[in-house]
Amino acid sequence: MDDLDAMYQQIILDASRERHGEGPLPESDGESFQVNPTCGDQVTMRVKLSPDGKTIEKLRWEGQGCSISQASISIMTEMLEGKSISEAMNLFDTFRELMDSRGHGIPAEDEEELDDAAAFAGVAKFPMRVKCALLGWMAMRDATNKAIVAAETGE
């Protein structure tokens with residue numbers, strides 16, 4: 001294992017223990033429950049948008065799973081709070097591209113944009129683990145989309 005892989009592994013282990021954003025969010029605007037059927041990891045993601053509906057004000061989650069899913073959710077939550085919905089969805093697309101790379105990586109500027117989430121580059125080599133890393137991201141996208149629809153329809 002080279003130094004970069006060791007550093008990435010440490011980032012994932014630390015994030016899975018820190019669990020940023022874990023906990024309830026009773027005043028959420030959107031919620032999504034996602035399960036990874038291959039391993040049983042699960043998450044309920046809740047999002048609170050800013051009053052103008054353009055920014056992810058808060059992300060909170062509750063769930064359980066392997067260290068990869070928990071670390072990915074933790075890093076994503078810390079990364080996306082306070083970002084515009086547009087920025088968050090662009091980061092979702094970039095992370096998805098990284099996971100779809102099968103370990104071949106993505107352009108350096110895109111990987112840099114992911115900050116600590118770039119630590120999951122090695123996970124992309126293992127198709128069974130990609131779903132673990134994507135679980136929280138899929139839940140965030142779904143919860144945010146539900147919040148947008150609810151705001152547009154007044155529900």
# chains A, B, ... in the order shown; residues from 1 in each chain; ligands from 1
>>> closest_atom_pairs(of="range 99-118 of chain A", to="range 81-91 of chain A", cutoff="9 Å", atoms="only C-alpha atoms", output="JSON lines")
{"residue": "A:Asp110", "atom": "CA", "partner": "A:Leu91", "partner_atom": "CA", "distance": 8.9}
{"residue": "A:Glu113", "atom": "CA", "partner": "A:Leu91", "partner_atom": "CA", "distance": 7.7}
{"residue": "A:Leu114", "atom": "CA", "partner": "A:Leu91", "partner_atom": "CA", "distance": 6.9}
>>> write_last_selection(atoms="N, CA and C atoms", output="mmCIF file, in the first residue's frame")
data_model
loop_
_atom_site.group_PDB
_atom_site.id
_atom_site.type_symbol
_atom_site.label_atom_id
_atom_site.label_comp_id
_atom_site.auth_asym_id
_atom_site.auth_seq_id
_atom_site.Cartn_x
_atom_site.Cartn_y
_atom_site.Cartn_z
ATOM 1 N N ASP A 110 -11.242 17.763 -10.826
ATOM 2 C CA ASP A 110 -12.510 17.252 -10.302
ATOM 3 C C ASP A 110 -12.290 16.542 -8.970
ATOM 4 N N GLU A 113 -11.837 18.987 -6.232
ATOM 5 C CA GLU A 113 -13.133 19.569 -5.855
ATOM 6 C C GLU A 113 -13.846 18.699 -4.803
ATOM 7 N N LEU A 114 -13.603 17.397 -4.840
ATOM 8 C CA LEU A 114 -14.248 16.475 -3.900
ATOM 9 C C LEU A 114 -13.630 16.505 -2.507
#
>>> closest_atom_pairs(of="range 3-110 of chain A", to="range 122-146 of chain A", cutoff="6 Å", atoms="only C-alpha atoms", output="Markdown table")
| residue | atom | partner | partner_atom | distance |
| --- | --- | --- | --- | --- |
| A:Gly30 | CA | A:Ala143 | CA | 4.6 |
| A:Glu31 | CA | A:Ala143 | CA | 4.5 |
| A:Ser32 | CA | A:Ala143 | CA | 4.8 |
| A:Gln34 | CA | A:Ala139 | CA | 6.0 |
| A:Met45 | CA | A:Ala139 | CA | 5.7 |
| A:Ile68 | CA | A:Ala133 | CA | 5.8 |
| A:Ser69 | CA | A:Cys132 | CA | 4.6 |
| A:Ser72 | CA | A:Ala133 | CA | 5.5 |
| A:Ile73 | CA | A:Gly136 | CA | 5.0 |
| A:Met99 | CA | A:Ala124 | CA | 4.8 |
| A:Arg102 | CA | A:Lys125 | CA | 4.7 |
| A:Gly103 | CA | A:Lys125 | CA | 4.4 |
>>> residues_around(residues="Ile12 in chain A", least_positions_apart="3", cutoff="8 Å", atoms="only C-alpha atoms", output="number ranges by chain")
A: 8-9, 15-16, 67-68, 71-72, 119-120
>>> write_last_selection(atoms="N, CA and C atoms", output="short mmCIF file (atom, residue, chain, number, x, y, z; two decimals), in the first residue's frame")
data_model
loop_
_atom_site.label_atom_id
_atom_site.label_comp_id
_atom_site.auth_asym_id
_atom_site.auth_seq_id
_atom_site.Cartn_x
_atom_site.Cartn_y
_atom_site.Cartn_z
N TYR A 8 -5.77 7.82 2.43
CA TYR A 8 -7.19 7.71 2.10
C TYR A 8 -7.89 6.74 3.05
N GLN A 9 -7.24 5.64 3.36
CA GLN A 9 -7.83 4.66 4.28
C GLN A 9 -8.05 5.30 5.66
N ALA A 15 -13.60 9.32 9.36
CA ALA A 15 -14.94 9.83 9.06
C ALA A 15 -16.03 8.87 9.52
N SER A 16 -15.78 7.57 9.46
CA SER A 16 -16.80 6.61 9.89
C SER A 16 -17.00 6.67 11.41
N SER A 67 -18.21 0.66 7.35
CA SER A 67 -17.43 1.88 7.52
C SER A 67 -17.40 2.72 6.24
N ILE A 68 -17.47 2.09 5.07
CA ILE A 68 -17.46 2.86 3.82
C ILE A 68 -18.72 3.70 3.70
N ALA A 71 -18.72 6.46 6.49
CA ALA A 71 -17.72 7.50 6.23
C ALA A 71 -18.15 8.39 5.06
N SER A 72 -18.68 7.78 4.02
CA SER A 72 -19.12 8.55 2.86
C SER A 72 -20.24 9.52 3.24
N ALA A 119 -11.10 10.43 -1.21
CA ALA A 119 -10.52 9.25 -0.54
C ALA A 119 -11.20 7.96 -0.97
N PHE A 120 -12.38 8.07 -1.58
CA PHE A 120 -13.11 6.87 -2.00
C PHE A 120 -12.71 6.39 -3.39
#
>>> atom_distance(atom1="CA of Met76 in chain A", atom2="CA of Ile56 in chain A")
12.0 Å
>>> select_by_dssp(residues="range 9-124 of chain A", states="alpha helix (DSSP H)", output="number ranges by chain")
A: 9-18, 67-80, 85-100, 108-113
>>> closest_residue(among="A:Ala147, A:Ile11, A:Gln70, A:Thr44", to="Asp115 in chain A", atoms="only C-alpha atoms")
A:Ile11
>>> atom_distance(atom1="CA of Met79 in chain A", atom2="CA of Gly21 in chain A")
10.4 Å
>>> closest_residue(among="A:Ala151, A:Thr77, A:Arg96, A:Ala117", to="Ser50 in chain A", atoms="only C-alpha atoms")
A:Ala151
